[in-house]
Amino acid sequence: MFRHIAKMLAMLLLVSVMSACMPSQRQLAMERDMAEMKRRLAAVEKQTIGMGDDFTSAIEEQLSELSRRHAETQAGLDSLRVDMQSLRGRIEDMRAANSQFQEEMALIREDLSVKVAAIENRLAEIERSALETESGGGQAQPEAPNGGTATSDPVELYEQGRDLVREDERFTEARETLQKFIDAHPDHRLSVNAAYWIGEAYYGEEKYENAILQFQDIIQEHPDHNKVPAALLKQGLAFRALGDASNARVILEKVVADHPNSNAAGKAKDLLDAM
């Protein structure tokens, strides 16, 4: 009996010890949950680390792009500054050149005014001399030649006077014929041409002062006529023949400047080169 009780106690003790050593179902479940949580945490941590690397790489790329754009912008600004400095330099050069040009133009205008005044004074002297010659009992004008052809056609009369200058060199007769044409037909289209050939007749007679005055009338009264360049050229030649090289040069330069495309301009250039 006692033995039986002792055996029972031993079995109970063994069961109790075994129960203490074996984990319960709840404990096992908790351990599994903890293991799963650790696994998930490790996965999340790994993913976070990967995302951090990608994010860092993206940030670095953006920073690199911003740095590149900044460098390009800075280079553009530097180039713009250089261009602005160059432009300022060109503007300053243009201002200086314009200032110099204005000064030169002022000197030219002043010099031209002096030359024009000298020419006007010279013309006044020539006109006074011509008046004194006329009032002093100069040679009487010869009568019209008996051999002249009387005509009622104004064009024929003009051509007759012109040819007396250009071909026959009968200058006095030519002046009379041309003056007759002008008096009879003052508004004729050839009246200015007739006045020009009167100037040529004076020049042919070496009456240079009279020629200068005759050409001056054409220049002043008919500034747009096609005979003006030739009148200026001949006026310059008349001044040169009188020994007035200064006024001759001024007038020849005026021919070139004011009538560059005329035949007279080419002749004036040649004369200027030879002076």
# chains A, B, ... in the order shown; residues from 1 in each chain; ligands from 1
call {"tool": "residues_around", "arguments": {"residues": "segment 243-258 of chain A", "least_positions_apart": "6", "cutoff": "6 Å", "atoms": "only C-alpha atoms", "output": "ChimeraX atom specification"}}
result
/A:236,265,268
call {"tool": "residues_around", "arguments": {"residues": "Gln160 of chain A", "least_positions_apart": "2", "cutoff": "12 Å", "atoms": "only C-alpha atoms", "output": "PyMOL selection string"}}
result
chain A and resi 148-158+162-171+173-181+194+197
call {"tool": "residues_around", "arguments": {"residues": "segment 208-216 of chain A", "least_positions_apart": "5", "cutoff": "9 Å", "atoms": "only C-alpha atoms", "output": "list in words"}}
result
Leu123, Ile126, Glu127, Ser129, Ala130, Ala195, Tyr196, Ile198, Gly199, Glu200, Ala201, Tyr202, Tyr203, Glu221, Val228, Ala231, Leu232, Lys234, Gln235, Gly236, Leu237, Ala238, Phe239, Ala241 and Leu242 of chain A
call {"tool": "closest_residue", "arguments": {"among": "A:Met275, A:Thr172, A:Pro186, A:Gln220", "to": "Gly204 of chain A", "atoms": "only C-alpha atoms"}}
result
A:Thr172
call {"tool": "decode", "arguments": {"residues": "segment 133-245 of chain A", "atoms": "C-alpha atoms", "output": "mmCIF file, in the first residue's frame"}}
result
data_model
loop_
_atom_site.group_PDB
_atom_site.id
_atom_site.type_symbol
_atom_site.label_atom_id
_atom_site.label_comp_id
_atom_site.auth_asym_id
_atom_site.auth_seq_id
_atom_site.Cartn_x
_atom_site.Cartn_y
_atom_site.Cartn_z
ATOM 1 C CA THR A 133 34.022 149.677 -117.789
ATOM 2 C CA GLU A 134 30.579 150.261 -119.268
ATOM 3 C CA SER A 135 30.210 153.741 -117.750
ATOM 4 C CA GLY A 136 33.788 154.679 -118.669
ATOM 5 C CA GLY A 137 33.125 154.666 -122.395
ATOM 6 C CA GLY A 138 34.240 151.188 -123.256
ATOM 7 C CA GLN A 139 34.342 150.020 -126.769
ATOM 8 C CA ALA A 140 31.044 150.334 -128.556
ATOM 9 C CA GLN A 141 29.233 147.128 -129.313
ATOM 10 C CA PRO A 142 29.676 146.278 -132.967
ATOM 11 C CA GLU A 143 26.663 146.195 -135.160
ATOM 12 C CA ALA A 144 25.109 142.951 -136.153
ATOM 13 C CA PRO A 145 26.947 141.361 -139.025
ATOM 14 C CA ASN A 146 25.521 141.993 -142.439
ATOM 15 C CA GLY A 147 26.130 138.402 -143.327
ATOM 16 C CA GLY A 148 23.893 137.101 -140.538
ATOM 17 C CA THR A 149 20.846 135.127 -141.514
ATOM 18 C CA ALA A 150 17.642 136.779 -140.383
ATOM 19 C CA THR A 151 15.074 134.261 -139.177
ATOM 20 C CA SER A 152 11.748 134.337 -137.386
ATOM 21 C CA ASP A 153 12.127 130.791 -136.073
ATOM 22 C CA PRO A 154 13.300 131.028 -132.412
ATOM 23 C CA VAL A 155 15.062 127.652 -132.477
ATOM 24 C CA GLU A 156 16.945 128.557 -135.647
ATOM 25 C CA LEU A 157 17.933 131.891 -134.104
ATOM 26 C CA TYR A 158 19.221 130.125 -130.981
ATOM 27 C CA GLU A 159 21.155 127.540 -132.993
ATOM 28 C CA GLN A 160 22.663 130.290 -135.124
ATOM 29 C CA GLY A 161 23.989 132.094 -132.033
ATOM 30 C CA ARG A 162 25.213 128.858 -130.428
ATOM 31 C CA ASP A 163 27.069 127.772 -133.564
ATOM 32 C CA LEU A 164 28.735 131.188 -133.798
ATOM 33 C CA VAL A 165 30.279 130.403 -130.387
ATOM 34 C CA ARG A 166 30.928 126.693 -130.717
ATOM 35 C CA GLU A 167 32.021 126.411 -134.340
ATOM 36 C CA ASP A 168 32.892 129.822 -135.768
ATOM 37 C CA GLU A 169 34.280 131.452 -132.600
ATOM 38 C CA ARG A 170 32.706 134.737 -133.675
ATOM 39 C CA PHE A 171 31.992 135.567 -130.066
ATOM 40 C CA THR A 172 30.742 139.137 -130.358
ATOM 41 C CA GLU A 173 28.290 138.247 -133.108
ATOM 42 C CA ALA A 174 27.223 135.208 -131.130
ATOM 43 C CA ARG A 175 26.425 137.270 -128.028
ATOM 44 C CA GLU A 176 24.323 139.681 -130.027
ATOM 45 C CA THR A 177 22.389 136.887 -131.739
ATOM 46 C CA LEU A 178 21.781 135.019 -128.491
ATOM 47 C CA GLN A 179 20.750 138.183 -126.659
ATOM 48 C CA LYS A 180 18.312 138.937 -129.489
ATOM 49 C CA PHE A 181 16.842 135.462 -128.995
ATOM 50 C CA ILE A 182 16.470 135.985 -125.214
ATOM 51 C CA ASP A 183 14.879 139.422 -125.629
ATOM 52 C CA ALA A 184 12.394 138.108 -128.165
ATOM 53 C CA HIS A 185 11.646 134.816 -126.389
ATOM 54 C CA PRO A 186 12.394 135.213 -122.638
ATOM 55 C CA ASP A 187 10.238 132.247 -121.628
ATOM 56 C CA HIS A 188 11.441 129.875 -124.312
ATOM 57 C CA ARG A 189 12.747 126.499 -123.144
ATOM 58 C CA LEU A 190 16.146 127.361 -124.682
ATOM 59 C CA SER A 191 16.505 130.798 -123.054
ATOM 60 C CA VAL A 192 18.749 129.483 -120.228
ATOM 61 C CA ASN A 193 20.877 127.628 -122.771
ATOM 62 C CA ALA A 194 21.206 130.874 -124.719
ATOM 63 C CA ALA A 195 22.344 132.678 -121.560
ATOM 64 C CA TYR A 196 24.923 129.927 -120.996
ATOM 65 C CA TRP A 197 26.363 130.339 -124.492
ATOM 66 C CA ILE A 198 26.613 134.091 -123.923
ATOM 67 C CA GLY A 199 28.835 133.214 -120.940
ATOM 68 C CA GLU A 200 30.858 130.906 -123.182
ATOM 69 C CA ALA A 201 31.245 133.779 -125.662
ATOM 70 C CA TYR A 202 32.583 136.063 -122.917
ATOM 71 C CA TYR A 203 34.985 133.302 -121.890
ATOM 72 C CA GLY A 204 36.129 132.880 -125.491
ATOM 73 C CA GLU A 205 36.803 136.618 -125.662
ATOM 74 C CA GLU A 206 38.845 136.251 -122.446
ATOM 75 C CA LYS A 207 36.402 138.567 -120.721
ATOM 76 C CA TYR A 208 36.537 136.281 -117.714
ATOM 77 C CA GLU A 209 34.898 138.645 -115.252
ATOM 78 C CA ASN A 210 31.887 139.094 -117.548
ATOM 79 C CA ALA A 211 31.756 135.333 -118.039
ATOM 80 C CA ILE A 212 31.748 134.745 -114.269
ATOM 81 C CA LEU A 213 28.833 137.144 -113.802
ATOM 82 C CA GLN A 214 26.914 135.624 -116.712
ATOM 83 C CA PHE A 215 27.312 132.114 -115.316
ATOM 84 C CA GLN A 216 26.411 133.356 -111.822
ATOM 85 C CA ASP A 217 23.065 134.637 -113.117
ATOM 86 C CA ILE A 218 22.272 131.157 -114.428
ATOM 87 C CA ILE A 219 23.352 129.492 -111.164
ATOM 88 C CA GLN A 220 21.290 131.805 -108.978
ATOM 89 C CA GLU A 221 18.189 132.220 -111.124
ATOM 90 C CA HIS A 222 17.924 128.644 -112.438
ATOM 91 C CA PRO A 223 19.548 126.400 -109.773
ATOM 92 C CA ASP A 224 17.810 123.236 -111.031
ATOM 93 C CA HIS A 225 18.605 123.683 -114.714
ATOM 94 C CA ASN A 226 20.771 121.079 -116.410
ATOM 95 C CA LYS A 227 23.210 123.789 -117.513
ATOM 96 C CA VAL A 228 24.157 124.667 -113.919
ATOM 97 C CA PRO A 229 26.983 122.060 -113.595
ATOM 98 C CA ALA A 230 28.560 123.295 -116.840
ATOM 99 C CA ALA A 231 28.108 126.934 -115.750
ATOM 100 C CA LEU A 232 29.870 126.192 -112.445
ATOM 101 C CA LEU A 233 32.686 124.374 -114.232
ATOM 102 C CA LYS A 234 33.224 127.254 -116.630
ATOM 103 C CA GLN A 235 33.024 129.739 -113.760
ATOM 104 C CA GLY A 236 35.786 127.833 -111.981
ATOM 105 C CA LEU A 237 37.890 127.925 -115.138
ATOM 106 C CA ALA A 238 37.315 131.678 -115.431
ATOM 107 C CA PHE A 239 38.531 132.214 -111.855
ATOM 108 C CA ARG A 240 41.590 130.101 -112.621
ATOM 109 C CA ALA A 241 42.269 132.157 -115.754
ATOM 110 C CA LEU A 242 42.154 135.285 -113.573
ATOM 111 C CA GLY A 243 44.803 133.742 -111.307
ATOM 112 C CA ASP A 244 42.319 133.168 -108.462
ATOM 113 C CA ALA A 245 43.172 129.530 -107.746
#
